[in-house]
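Pasted below: my_file_16.cif, mmCIF, C-alpha atoms and all ligand atoms.
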```cif
data_upload
loop_
_atom_site.label_atom_id
_atom_site.label_comp_id
_atom_site.auth_asym_id
_atom_site.auth_seq_id
_atom_site.Cartn_x
_atom_site.Cartn_y
_atom_site.Cartn_z
CA MET A 1 -43.71 -18.82 48.45
CA ARG A 2 -45.07 -18.48 51.98
CA THR A 3 -45.79 -15.24 53.79
CA ILE A 4 -44.73 -15.89 57.38
CA LEU A 5 -45.70 -13.73 60.34
CA VAL A 6 -42.98 -13.82 62.99
CA THR A 7 -44.15 -12.08 66.15
CA GLY A 8 -41.54 -10.87 68.64
CA GLY A 9 -38.96 -10.87 65.85
CA ALA A 10 -36.98 -8.03 67.40
CA GLY A 11 -36.23 -10.04 70.54
CA PHE A 12 -33.40 -12.46 71.26
CA ILE A 13 -34.74 -15.67 69.67
CA GLY A 14 -37.17 -14.01 67.24
CA SER A 15 -34.39 -11.97 65.59
CA SER A 16 -32.27 -15.10 65.22
CA PHE A 17 -35.26 -16.87 63.66
CA VAL A 18 -35.90 -14.03 61.18
CA ARG A 19 -32.24 -14.17 60.08
CA TYR A 20 -32.30 -17.98 59.95
CA MET A 21 -35.46 -18.11 57.81
CA LEU A 22 -34.29 -15.43 55.37
CA GLY A 23 -31.15 -17.53 54.83
CA ALA A 24 -32.76 -20.99 54.80
CA HIS A 25 -35.89 -20.08 52.81
CA PRO A 26 -35.08 -17.20 50.46
CA GLU A 27 -38.34 -17.86 48.59
CA ASP A 28 -40.45 -16.87 51.63
CA LYS A 29 -41.48 -13.42 52.81
CA ILE A 30 -41.03 -12.65 56.51
CA VAL A 31 -43.15 -10.06 58.28
CA ASN A 32 -41.73 -9.24 61.71
CA LEU A 33 -44.36 -7.86 64.08
CA ASP A 34 -43.00 -6.52 67.33
CA ALA A 35 -44.25 -4.03 69.93
CA LEU A 36 -40.64 -3.00 70.71
CA THR A 37 -40.95 -3.34 74.46
CA TYR A 38 -37.77 -2.95 76.54
CA ALA A 39 -36.71 -6.37 75.12
CA GLY A 40 -37.35 -5.58 71.46
CA ASN A 41 -34.35 -4.22 69.63
CA LEU A 42 -34.25 -3.55 65.88
CA GLU A 43 -30.48 -3.22 66.10
CA ASN A 44 -30.55 -7.04 66.36
CA LEU A 45 -31.67 -7.11 62.72
CA ARG A 46 -29.67 -4.28 61.18
CA ASP A 47 -28.01 -6.76 58.78
CA VAL A 48 -31.33 -7.85 57.22
CA GLU A 49 -32.86 -4.42 56.78
CA GLY A 50 -33.16 -3.81 53.05
CA ASN A 51 -33.69 -7.50 52.30
CA PRO A 52 -36.66 -7.45 49.86
CA ASN A 53 -38.18 -10.47 51.62
CA TYR A 54 -38.24 -8.76 55.03
CA VAL A 55 -40.77 -6.28 56.41
CA PHE A 56 -41.05 -4.83 59.91
CA GLU A 57 -44.39 -3.83 61.46
CA LYS A 58 -44.65 -2.24 64.90
CA GLY A 59 -47.64 -3.33 66.97
CA ASP A 60 -49.09 -5.27 69.86
CA ILE A 61 -50.26 -8.86 69.43
CA ALA A 62 -53.01 -8.21 72.00
CA ASP A 63 -54.53 -5.38 69.93
CA ALA A 64 -57.31 -7.28 68.12
CA ALA A 65 -58.26 -4.53 65.66
CA PHE A 66 -54.66 -3.98 64.61
CA ILE A 67 -53.99 -7.72 64.27
CA LYS A 68 -57.11 -8.16 62.14
CA SER A 69 -55.95 -5.41 59.79
CA LEU A 70 -52.45 -6.93 59.61
CA PHE A 71 -53.84 -10.34 58.63
CA GLU A 72 -56.00 -8.66 55.96
CA LYS A 73 -53.00 -6.74 54.64
CA TYR A 74 -50.63 -9.73 54.31
CA ASN A 75 -52.86 -12.82 54.21
CA PHE A 76 -50.22 -14.85 56.10
CA ASP A 77 -49.74 -18.55 55.41
CA VAL A 78 -47.82 -19.26 58.61
CA VAL A 79 -47.71 -17.61 62.04
CA VAL A 80 -44.81 -18.23 64.43
CA ASN A 81 -45.56 -16.62 67.77
CA PHE A 82 -42.45 -15.65 69.74
CA ALA A 83 -43.90 -12.40 71.14
CA ALA A 84 -43.99 -12.62 74.90
CA GLU A 85 -42.86 -11.19 78.16
CA SER A 86 -40.04 -13.65 78.76
CA HIS A 87 -38.29 -12.92 82.06
CA VAL A 88 -39.28 -14.95 85.14
CA ASP A 89 -38.00 -12.32 87.63
CA ARG A 90 -40.13 -9.61 86.00
CA SER A 91 -43.18 -11.88 86.17
CA ILE A 92 -42.75 -12.11 89.93
CA GLU A 93 -42.71 -8.29 90.16
CA GLU A 94 -45.44 -7.54 87.64
CA PRO A 95 -47.57 -10.51 86.51
CA GLU A 96 -50.38 -8.58 84.72
CA ILE A 97 -48.50 -7.78 81.52
CA PHE A 98 -47.55 -11.47 81.22
CA ILE A 99 -51.24 -12.39 81.14
CA LYS A 100 -52.08 -9.66 78.67
CA THR A 101 -49.31 -10.37 76.15
CA ASN A 102 -48.66 -14.07 76.61
CA VAL A 103 -52.23 -15.28 77.13
CA MET A 104 -54.55 -12.72 75.56
CA GLY A 105 -52.12 -11.92 72.74
CA THR A 106 -51.99 -15.60 71.78
CA GLN A 107 -55.79 -15.82 71.65
CA VAL A 108 -55.98 -12.68 69.49
CA LEU A 109 -53.51 -14.18 66.98
CA LEU A 110 -55.33 -17.51 66.90
CA ASP A 111 -58.65 -15.83 66.30
CA ALA A 112 -57.35 -13.64 63.48
CA ALA A 113 -55.68 -16.67 61.85
CA LYS A 114 -58.83 -18.77 62.17
CA LYS A 115 -61.00 -16.12 60.55
CA ILE A 116 -58.69 -15.45 57.62
CA TRP A 117 -57.78 -19.10 56.99
CA MET A 118 -61.30 -20.59 57.16
CA THR A 119 -62.66 -21.78 53.83
CA GLY A 120 -65.97 -23.30 55.02
CA LYS A 121 -67.24 -26.17 57.16
CA ASP A 122 -67.05 -29.94 56.87
CA GLU A 123 -69.99 -32.34 57.18
CA PHE A 124 -69.65 -32.35 61.00
CA GLY A 125 -69.66 -28.57 61.27
CA TYR A 126 -65.90 -28.18 61.85
CA PRO A 127 -64.18 -25.29 60.06
CA THR A 128 -62.01 -26.17 57.03
CA TYR A 129 -58.86 -24.21 56.19
CA ARG A 130 -56.78 -23.10 53.26
CA ASP A 131 -54.06 -25.61 52.32
CA GLY A 132 -50.61 -25.17 53.82
CA VAL A 133 -51.51 -22.84 56.69
CA ARG A 134 -50.01 -23.32 60.18
CA TYR A 135 -50.07 -21.55 63.54
CA HIS A 136 -46.95 -22.33 65.57
CA GLN A 137 -46.63 -21.42 69.25
CA VAL A 138 -43.13 -21.00 70.70
CA SER A 139 -43.40 -22.34 74.22
CA THR A 140 -41.01 -23.32 76.95
CA ASP A 141 -39.98 -26.30 79.08
CA GLU A 142 -40.95 -24.20 82.13
CA VAL A 143 -44.61 -25.16 81.57
CA TYR A 144 -43.72 -28.63 82.94
CA GLY A 145 -42.60 -27.21 86.30
CA ALA A 146 -39.48 -28.44 88.07
CA LEU A 147 -37.67 -31.79 88.15
CA GLY A 148 -35.89 -33.47 91.04
CA LYS A 149 -32.44 -35.01 90.64
CA THR A 150 -33.60 -37.49 87.98
CA GLY A 151 -36.00 -37.69 85.04
CA MET A 152 -36.65 -35.55 81.99
CA PHE A 153 -39.59 -33.64 80.54
CA THR A 154 -41.34 -35.45 77.70
CA GLU A 155 -44.24 -34.06 75.68
CA THR A 156 -46.65 -36.01 77.90
CA THR A 157 -45.30 -34.70 81.22
CA PRO A 158 -48.26 -32.98 82.94
CA LEU A 159 -48.13 -29.19 82.92
CA ALA A 160 -47.28 -27.79 86.37
CA PRO A 161 -46.01 -24.23 85.90
CA ASN A 162 -44.65 -22.50 89.00
CA SER A 163 -44.00 -18.84 88.10
CA PRO A 164 -46.44 -16.28 86.71
CA TYR A 165 -44.33 -16.39 83.51
CA SER A 166 -44.57 -20.15 83.09
CA ALA A 167 -48.25 -20.12 84.08
CA SER A 168 -48.94 -17.58 81.33
CA LYS A 169 -47.03 -19.71 78.78
CA ALA A 170 -48.90 -22.86 79.89
CA SER A 171 -52.20 -20.99 79.58
CA ALA A 172 -51.27 -19.94 76.06
CA ASP A 173 -50.42 -23.56 75.19
CA MET A 174 -53.85 -24.63 76.42
CA ILE A 175 -55.57 -22.03 74.25
CA VAL A 176 -53.55 -23.17 71.23
CA ARG A 177 -54.55 -26.75 71.98
CA ALA A 178 -58.20 -25.70 72.29
CA TYR A 179 -58.15 -24.07 68.82
CA GLY A 180 -56.64 -27.28 67.47
CA GLN A 181 -59.25 -29.50 69.17
CA THR A 182 -62.39 -27.40 68.91
CA PHE A 183 -61.84 -25.68 65.57
CA LYS A 184 -59.46 -28.26 64.01
CA MET A 185 -57.01 -25.47 63.29
CA PRO A 186 -53.57 -26.68 62.10
CA VAL A 187 -51.54 -25.76 65.17
CA THR A 188 -48.21 -26.94 66.57
CA ILE A 189 -46.36 -26.14 69.79
CA SER A 190 -42.63 -26.42 70.54
CA ARG A 191 -41.26 -26.37 74.08
CA CYS A 192 -37.64 -25.44 74.30
CA SER A 193 -35.08 -25.36 77.08
CA ASN A 194 -32.88 -22.36 77.97
CA ASN A 195 -31.38 -20.63 74.92
CA TYR A 196 -28.03 -18.86 74.75
CA GLY A 197 -26.18 -17.01 71.98
CA PRO A 198 -25.71 -13.52 70.51
CA TYR A 199 -28.21 -10.67 71.14
CA HIS A 200 -29.43 -12.20 74.42
CA PHE A 201 -30.81 -9.40 76.61
CA PRO A 202 -28.43 -8.82 79.54
CA GLU A 203 -31.07 -9.42 82.23
CA LYS A 204 -30.68 -13.19 81.67
CA LEU A 205 -28.02 -15.33 83.38
CA ILE A 206 -25.36 -15.78 80.66
CA PRO A 207 -25.22 -12.26 79.15
CA LEU A 208 -25.58 -10.68 82.61
CA MET A 209 -22.61 -12.63 83.95
CA ILE A 210 -20.42 -11.90 80.89
CA SER A 211 -21.29 -8.21 81.10
CA ASN A 212 -20.61 -8.05 84.85
CA VAL A 213 -17.26 -9.84 84.56
CA VAL A 214 -16.15 -7.34 81.91
CA ALA A 215 -17.27 -4.44 84.13
CA LEU A 216 -15.75 -6.10 87.24
CA LYS A 217 -19.18 -5.97 88.92
CA SER A 218 -20.34 -8.59 91.40
CA LEU A 219 -21.96 -11.73 89.97
CA PRO A 220 -25.33 -12.34 91.67
CA VAL A 221 -25.90 -16.07 92.03
CA TYR A 222 -29.39 -16.88 93.33
CA GLY A 223 -29.60 -19.24 96.34
CA ASP A 224 -26.94 -21.98 96.32
CA GLY A 225 -26.31 -21.78 92.55
CA MET A 226 -27.06 -25.49 92.16
CA GLN A 227 -30.21 -25.05 90.07
CA ILE A 228 -29.86 -26.85 86.74
CA ARG A 229 -30.81 -25.53 83.32
CA ASP A 230 -30.56 -27.41 80.00
CA TRP A 231 -28.85 -25.08 77.50
CA LEU A 232 -29.44 -24.92 73.74
CA HIS A 233 -27.81 -22.59 71.21
CA VAL A 234 -30.38 -20.18 69.80
CA LYS A 235 -29.59 -21.21 66.20
CA ASP A 236 -30.42 -24.81 67.07
CA HIS A 237 -33.73 -23.66 68.51
CA CYS A 238 -34.45 -21.91 65.18
CA SER A 239 -33.63 -24.99 63.11
CA GLY A 240 -35.84 -27.03 65.47
CA ILE A 241 -38.82 -24.74 64.85
CA ASP A 242 -38.15 -24.86 61.11
CA ALA A 243 -38.20 -28.69 61.31
CA VAL A 244 -41.56 -28.56 63.10
CA LEU A 245 -42.97 -26.18 60.46
CA GLN A 246 -41.78 -28.42 57.63
CA LYS A 247 -42.32 -31.90 59.01
CA GLY A 248 -44.28 -31.60 62.27
CA LYS A 249 -47.84 -32.89 62.44
CA ALA A 250 -50.72 -30.51 63.16
CA GLY A 251 -51.97 -30.88 66.72
CA GLU A 252 -48.61 -32.09 68.06
CA VAL A 253 -46.21 -30.77 70.69
CA TYR A 254 -42.42 -31.08 70.18
CA ASN A 255 -39.80 -30.61 72.88
CA ILE A 256 -36.54 -28.99 71.70
CA GLY A 257 -33.38 -29.45 73.75
CA GLY A 258 -29.74 -30.33 73.29
CA ASN A 259 -28.90 -32.53 76.34
CA ASN A 260 -26.78 -29.88 78.02
CA GLU A 261 -27.60 -29.79 81.71
CA LYS A 262 -25.44 -27.42 83.74
CA ALA A 263 -25.71 -26.04 87.27
CA ASN A 264 -25.81 -22.23 87.32
CA ILE A 265 -22.61 -22.03 89.34
CA GLU A 266 -20.78 -24.13 86.71
CA ILE A 267 -21.84 -21.62 84.06
CA VAL A 268 -20.72 -18.69 86.20
CA ASN A 269 -17.33 -20.30 86.88
CA LEU A 270 -16.86 -21.11 83.20
CA ILE A 271 -17.63 -17.49 82.24
CA ILE A 272 -15.22 -16.12 84.84
CA GLU A 273 -12.44 -18.40 83.58
CA ASN A 274 -13.06 -17.90 79.86
CA VAL A 275 -13.69 -14.14 79.92
CA GLY A 276 -10.67 -13.69 82.24
CA GLU A 277 -8.36 -15.57 79.85
CA LYS A 278 -9.66 -13.70 76.83
CA LEU A 279 -9.22 -10.31 78.47
CA LYS A 280 -5.65 -11.25 79.45
CA SER A 281 -4.91 -11.96 75.77
CA GLY A 282 -5.44 -8.24 75.07
CA LYS A 283 -7.18 -9.07 71.77
CA TYR A 284 -10.45 -7.30 72.56
CA PRO A 285 -11.27 -3.58 72.48
CA ILE A 286 -11.97 -3.53 76.22
CA ASP A 287 -10.41 -1.53 79.03
CA ASN A 288 -9.93 -4.48 81.41
CA ASP A 289 -6.71 -6.53 81.37
CA GLY A 290 -8.34 -9.49 83.13
CA SER A 291 -5.99 -9.32 86.14
CA LYS A 292 -8.86 -8.65 88.60
CA VAL A 293 -11.22 -11.27 87.16
CA GLY A 294 -11.73 -14.14 89.59
CA LYS A 295 -14.20 -16.10 91.68
CA ASP A 296 -14.24 -13.39 94.35
CA LEU A 297 -16.65 -11.52 92.03
CA ILE A 298 -19.33 -14.10 92.91
CA THR A 299 -21.98 -12.97 95.44
CA TYR A 300 -24.60 -15.41 96.61
CA VAL A 301 -27.85 -13.43 96.83
CA GLU A 302 -31.40 -14.12 97.99
CA ASP A 303 -33.03 -16.90 95.99
CA ARG A 304 -35.73 -16.30 93.36
CA LEU A 305 -39.21 -16.96 94.80
CA GLY A 306 -40.50 -20.38 93.69
CA HIS A 307 -37.17 -21.04 91.96
CA ASP A 308 -37.42 -24.21 89.81
CA ARG A 309 -34.61 -26.58 90.79
CA ARG A 310 -33.96 -28.47 87.57
CA TYR A 311 -35.06 -28.58 83.93
CA ALA A 312 -34.08 -31.31 81.45
CA ILE A 313 -35.59 -31.94 78.04
CA ASP A 314 -36.09 -35.36 76.50
CA ASN A 315 -35.72 -34.60 72.78
CA THR A 316 -36.43 -38.12 71.50
CA LYS A 317 -39.60 -37.13 69.62
CA ILE A 318 -38.11 -34.34 67.53
CA THR A 319 -34.89 -36.23 66.82
CA THR A 320 -36.54 -39.52 65.83
CA GLU A 321 -39.73 -38.27 64.15
CA LEU A 322 -38.43 -35.11 62.45
CA GLY A 323 -34.71 -35.92 62.12
CA TRP A 324 -33.65 -32.71 63.89
CA GLU A 325 -30.28 -32.62 65.67
CA PRO A 326 -28.56 -29.74 67.46
CA SER A 327 -25.45 -28.57 65.62
CA TYR A 328 -23.59 -26.91 68.52
CA THR A 329 -21.92 -28.52 71.50
CA PHE A 330 -22.23 -26.30 74.57
CA GLU A 331 -18.44 -26.09 74.81
CA GLU A 332 -18.10 -24.48 71.35
CA GLY A 333 -21.32 -22.45 71.57
CA ILE A 334 -20.49 -20.77 74.85
CA VAL A 335 -16.99 -19.76 73.71
CA GLU A 336 -18.43 -18.31 70.48
CA THR A 337 -21.08 -16.48 72.52
CA ILE A 338 -18.52 -15.02 74.93
CA GLU A 339 -16.45 -13.85 71.97
CA TRP A 340 -19.52 -12.24 70.41
CA TYR A 341 -20.16 -10.24 73.58
CA LEU A 342 -16.52 -9.18 73.90
CA ASN A 343 -16.54 -8.01 70.26
CA ASN A 344 -19.94 -6.30 70.52
CA GLN A 345 -19.57 -4.10 73.56
CA ASP A 346 -21.26 -1.24 71.68
CA TRP A 347 -24.42 -3.32 71.31
CA LEU A 348 -24.29 -4.13 75.02
CA LYS A 349 -23.73 -0.51 76.02
CA GLN A 350 -26.61 0.66 73.83
CA VAL A 351 -28.93 -1.90 75.37
CA GLN A 352 -27.84 -1.09 78.89
CA SER A 353 -28.19 2.67 78.38
CA GLY A 354 -31.59 2.30 76.70
CA ASP A 355 -30.34 4.12 73.57
CA TYR A 356 -31.48 1.32 71.30
CA GLN A 357 -35.06 2.29 72.07
CA ASP A 358 -34.71 5.42 69.93
CA TYR A 359 -33.67 3.36 66.91
CA TYR A 360 -37.19 2.83 65.62
CA GLU A 361 -37.93 6.56 65.72
CA ARG A 362 -34.65 7.33 63.96
CA MET A 363 -35.02 4.65 61.30
CA TYR A 364 -38.72 4.37 60.73
CA SER A 365 -40.05 7.90 61.28
CA LYS A 366 -38.50 8.74 57.88
CA LYS A 367 -40.37 5.92 56.09
P1 LIG B 1 -37.31 -11.59 74.42
O1 LIG B 1 -37.85 -10.99 75.67
O2 LIG B 1 -35.88 -11.40 74.07
O3 LIG B 1 -38.16 -11.06 73.19
C1 LIG B 1 -39.55 -10.92 73.23
C2 LIG B 1 -39.97 -10.03 72.05
O4 LIG B 1 -41.39 -9.92 72.05
C3 LIG B 1 -39.41 -8.61 72.14
O5 LIG B 1 -38.90 -8.21 70.89
C4 LIG B 1 -40.63 -7.78 72.53
O6 LIG B 1 -40.57 -6.44 72.05
C5 LIG B 1 -41.75 -8.56 71.86
N1 LIG B 1 -43.05 -8.33 72.49
C6 LIG B 1 -43.32 -8.32 73.82
N2 LIG B 1 -44.63 -8.04 74.01
C7 LIG B 1 -45.18 -7.90 72.78
C8 LIG B 1 -46.50 -7.63 72.32
N3 LIG B 1 -47.51 -7.44 73.16
N4 LIG B 1 -46.72 -7.55 70.98
C9 LIG B 1 -45.68 -7.73 70.10
N5 LIG B 1 -44.42 -7.96 70.48
C10 LIG B 1 -44.18 -8.06 71.81
O7 LIG B 1 -37.69 -13.13 74.50
P2 LIG B 1 -36.91 -14.40 73.91
O8 LIG B 1 -35.99 -14.90 74.94
O9 LIG B 1 -36.45 -14.11 72.55
O10 LIG B 1 -38.13 -15.44 73.86
C11 LIG B 1 -38.97 -15.52 72.70
C12 LIG B 1 -40.02 -16.59 72.92
O11 LIG B 1 -39.40 -17.83 73.17
C13 LIG B 1 -40.92 -16.31 74.10
O12 LIG B 1 -42.23 -16.72 73.75
C14 LIG B 1 -40.38 -17.21 75.20
O13 LIG B 1 -41.39 -17.58 76.09
C15 LIG B 1 -39.88 -18.38 74.39
N6 LIG B 1 -38.76 -19.14 74.97
C16 LIG B 1 -37.63 -18.51 75.37
C17 LIG B 1 -36.55 -19.26 75.84
C18 LIG B 1 -35.25 -18.61 76.27
O14 LIG B 1 -34.39 -19.29 76.79
N7 LIG B 1 -35.06 -17.31 76.06
C19 LIG B 1 -36.67 -20.65 75.92
C20 LIG B 1 -37.86 -21.25 75.53
C21 LIG B 1 -38.89 -20.50 75.04
O1 LIG B 2 -36.26 -22.80 80.27
C1 LIG B 2 -36.65 -21.86 79.32
C2 LIG B 2 -36.72 -20.48 79.94
O2 LIG B 2 -35.38 -20.06 80.16
C3 LIG B 2 -37.46 -19.49 79.07
O3 LIG B 2 -38.79 -19.88 78.93
C4 LIG B 2 -37.38 -18.08 79.67
O4 LIG B 2 -37.98 -17.14 78.78
C5 LIG B 2 -35.92 -17.72 79.85
O5 LIG B 2 -35.81 -16.45 80.45
C6 LIG B 2 -35.22 -18.77 80.71
O6 LIG B 2 -35.71 -18.74 82.06
P1 LIG B 2 -34.73 -18.90 83.32
O7 LIG B 2 -35.42 -18.34 84.50
O8 LIG B 2 -34.21 -20.28 83.40
O9 LIG B 2 -33.51 -17.94 82.82
P2 LIG B 2 -32.62 -16.87 83.59
O10 LIG B 2 -31.51 -16.52 82.66
O11 LIG B 2 -33.44 -15.76 84.15
O12 LIG B 2 -32.02 -17.70 84.79
C7 LIG B 2 -31.27 -18.89 84.56
C8 LIG B 2 -30.89 -19.45 85.92
O13 LIG B 2 -29.93 -18.56 86.52
C9 LIG B 2 -32.05 -19.52 86.90
O14 LIG B 2 -31.88 -20.67 87.71
C10 LIG B 2 -31.90 -18.27 87.75
C11 LIG B 2 -30.40 -18.06 87.79
N1 LIG B 2 -29.95 -16.65 87.88
C12 LIG B 2 -30.44 -15.77 86.98
C13 LIG B 2 -30.03 -14.44 87.01
C14 LIG B 2 -30.59 -13.44 86.02
C15 LIG B 2 -29.01 -16.29 88.83
O15 LIG B 2 -28.56 -17.09 89.64
N2 LIG B 2 -28.60 -14.97 88.86
C16 LIG B 2 -29.09 -14.03 87.99
O16 LIG B 2 -28.70 -12.85 88.10
#
```
Starting from the file, give its structure as structure tokens.
Amino acid sequence: MRTILVTGGAGFIGSSFVRYMLGAHPEDKIVNLDALTYAGNLENLRDVEGNPNYVFEKGDIADAAFIKSLFEKYNFDVVVNFAAESHVDRSIEEPEIFIKTNVMGTQVLLDAAKKIWMTGKDEFGYPTYRDGVRYHQVSTDEVYGALGKTGMFTETTPLAPNSPYSASKASADMIVRAYGQTFKMPVTISRCSNNYGPYHFPEKLIPLMISNVVALKSLPVYGDGMQIRDWLHVKDHCSGIDAVLQKGKAGEVYNIGGNNEKANIEIVNLIIENVGEKLKSGKYPIDNDGSKVGKDLITYVEDRLGHDRRYAIDNTKITTELGWEPSYTFEEGIVETIEWYLNNQDWLKQVQSGDYQDYYERMYSKK
């Protein structure tokens, strides 16, 4: 039995990972640590509350004293660090918090793990660690910068982050690497492409566009809409991280991607078409008959500063060395995702109104 610390487990990918791990590894205990920022939503995990192998702790990964006490309380075997400020547009407006959480928070976690896992020193003076421990950093393909029309990111592509967000994630990766090199800590890093799926916060492209089509609001496409992202279903990202935890080698980086490059405008057009058809079917509890859904909702707006043109992940290493494969095609995953949003309008409304932020007080003040 492992005790696994999942940080940022109330967010989009973290909540999917908590659910995935409770299902795939019922022998393990999962401690979800989350600061519940605007992006953290315990409603995402309502279905696992009460599971005896699941515990929630509220706190900040950058708070060293709190993190030290948490490691002493649970004596974690594995740390999977999802906690981060994750939105590129917000990083352009307010970079400081990205440095605090994404960079300093990562160092605080590494330091706490090092101290609690150390068993002594080897003959060369390097720390030795308890068997079976692992620190895993959830990183992003954005650390590699932007691609032109051809080529793909491999694990050896030089880091060239362009936004404050990606610079903070690249900095965190470098600190993780340094703990691996200098202190011989068993660390791994995975770099994933754009995720999509249920519980995605509606500031990001796919949920924002679905939500705006339903509300018949304009669809803001940045620049010419020809930027390319490489989409992966969130559940496939989770199984990829699990593969790295089980079979990945300490000190290694693994790219995770599903070979699904799409231009933003293609995604927007697909959402317009699919949501429109579904609304016309009248099968969803939504006050919109689909008759006004069309491409005239698209508005081309000012481009994002420093907007990366194209991302594409070469996943050869994880598929050949660890035997991981994505299970979703984009075509099935996006339809399932659209359906999830149409059937979960209450979740969307709660997130958009900010009501979900009272959930912790309601649920946990009694405990
Ligand atoms: P998200 O914004 O949905 O969730 C982030 C979570 O971290 C939230 O629950 C938030 O409350 C929590 N958090 C923020 N600051 C914290 C702090 N100081 N202490 C504790 N918790 C804190 O993000 P996401 O899209 O789920 O991304 C999760 C991770 O995956 C991030 O590290 C991100 O960089 C990485 N990633 C995301 C994608 C993607 O497409 N979304 C792709 C590749 C990598
Ligand atoms: O590649 C992985 C990264 O993917 C993660 O590391 C980030 O955490 C995650 O947010 C995501 O970053 P992007 O910037 O690619 O995602 P976003 O959904 O913000 O934007 C996707 C593309 O759509 C991007 O080219 C910008 C464009 N866009 C986005 C929004 C919100 C629009 O054209 N209009 C919009 O309103």
Could you give me, as a Markdown table, every chain A residue with an atom at most 8 Å from ligand LIG 2 (chain B), plus its closest atom pair and distance in Å to one decimal, counting all atoms listed in the file, rows ordered by chain then number?
```
| residue | atom | partner | partner_atom | distance |
| --- | --- | --- | --- | --- |
| A:Glu85 | CA | B:LIG2 | O4 | 7.7 |
| A:Ser86 | CA | B:LIG2 | O4 | 4.1 |
| A:His87 | CA | B:LIG2 | O5 | 4.6 |
| A:Val88 | CA | B:LIG2 | O7 | 5.2 |
| A:Asp89 | CA | B:LIG2 | O11 | 6.7 |
| A:Ser139 | CA | B:LIG2 | O3 | 7.0 |
| A:Thr140 | CA | B:LIG2 | O3 | 4.5 |
| A:Asp141 | CA | B:LIG2 | O1 | 5.2 |
| A:Glu142 | CA | B:LIG2 | O1 | 5.2 |
| A:Tyr165 | CA | B:LIG2 | O4 | 8.0 |
| A:Ser166 | CA | B:LIG2 | O3 | 7.1 |
| A:Cys192 | CA | B:LIG2 | C1 | 6.2 |
| A:Ser193 | CA | B:LIG2 | O1 | 4.3 |
| A:Asn194 | CA | B:LIG2 | C1 | 4.0 |
| A:Asn195 | CA | B:LIG2 | O2 | 6.6 |
| A:Glu203 | CA | B:LIG2 | C14 | 5.5 |
| A:Lys204 | CA | B:LIG2 | O10 | 3.6 |
| A:Leu205 | CA | B:LIG2 | O10 | 3.8 |
| A:Ile206 | CA | B:LIG2 | O10 | 6.5 |
| A:Leu208 | CA | B:LIG2 | C14 | 6.7 |
| A:Met209 | CA | B:LIG2 | O16 | 7.4 |
| A:Leu219 | CA | B:LIG2 | O16 | 7.1 |
| A:Pro220 | CA | B:LIG2 | O16 | 4.9 |
| A:Val221 | CA | B:LIG2 | O15 | 3.7 |
| A:Tyr222 | CA | B:LIG2 | O15 | 3.8 |
| A:Gly223 | CA | B:LIG2 | O15 | 7.1 |
| A:Gly225 | CA | B:LIG2 | O15 | 6.0 |
| A:Gln227 | CA | B:LIG2 | O14 | 5.2 |
| A:Ile228 | CA | B:LIG2 | O14 | 6.6 |
| A:Arg229 | CA | B:LIG2 | O8 | 6.3 |
| A:Asp230 | CA | B:LIG2 | O1 | 7.3 |
| A:Asn264 | CA | B:LIG2 | O13 | 5.6 |
| A:Ile265 | CA | B:LIG2 | O15 | 7.7 |
| A:Asp303 | CA | B:LIG2 | O15 | 7.8 |
| A:Arg304 | CA | B:LIG2 | C10 | 7.1 |
| A:His307 | CA | B:LIG2 | O14 | 6.8 |
| A:Asp308 | CA | B:LIG2 | O14 | 6.9 |
| A:Arg309 | CA | B:LIG2 | O14 | 7.2 |
| A:Tyr311 | CA | B:LIG2 | O1 | 6.9 |
```
- Selected residue, from A:Thr320, A:Asn344, A:Thr150, A:Gln357, that lies nearest to ligand LIG 1 (chain B) when counting only C-alpha atoms and all ligand atoms: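 Result for the nearest residue to ligand LIG 1 (chain B): A:Gln357.
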- Message: Here is a test: counting all atoms listed in the file, which residue of A:Asn75, A:Leu33, A:Val214, A:Ala312 is nearest to A:Lys349?
- Response: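 Among the listed residues, the smallest separation from A:Lys349 belongs to A:Val214.
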- Item | Selection within 7 Å of ligand LIG 1 (chain B) by all atoms listed in the file, output as an NGL selection string | :A and (7-14 or 33-41 or 59-62 or 81-87 or 101 or 105 or 138-141 or 169 or 191-196 or 200-201)
- Quick one, how far is atom CA of A:Asn53 from atom CA of A:Met1? 10.5 Å
- Note on the structure: Judged by only C-alpha atoms, the minimum distance to A:Asp242 among A:Ile256, A:Ile298, A:Leu216, A:Val55 is found for A:Ile256
- Message: Report, in Å to a single decimal, how far apart atom CA of A:Leu279 and atom CA of A:Val351 are.
- Response: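 We find that atom CA of A:Val351 and atom CA of A:Leu279 lie 21.7 Å from each other.
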- Item | Test item: residues at most 12 Å from stretch 18-22 of chain A, only C-alpha atoms, excluding those fewer than 4 positions along its chain, as a ChimeraX atom specification | /A:2-14,26-33,42,44-56,80-82,234-243,245
- atom CA of A:Leu322 sits from atom CA of A:His25 at a separation of 18.0 Å
- Message: Would you pick out the contacts of stretch 249-254 of chain A at 12 Å or less, using all atoms listed in the file, so that residues sharing its chain but fewer than 3 positions from it are not included, and give the list as a PyMOL selection string?
- Response: chain A and resi 132-141+153-157+173-174+176-193+237+240-246+257+313-322+324
- Query: Looking at all atoms listed in the file, which of A:Gly333, A:Gly197, A:Gly145, A:Gly151 is the one that sits closest to A:Pro164?
  - Reply: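 Smallest distance to A:Pro164 is found for A:Gly145.
Within the 9 Å cut-off around A:Ser171, using all atoms listed in the file and omitting residues fewer than 4 positions from it on the same chain, the listed residues are Ile99, Asn102, Val103, Val143, Ser166, Ala167, Ile175 and Val176 of chain A.
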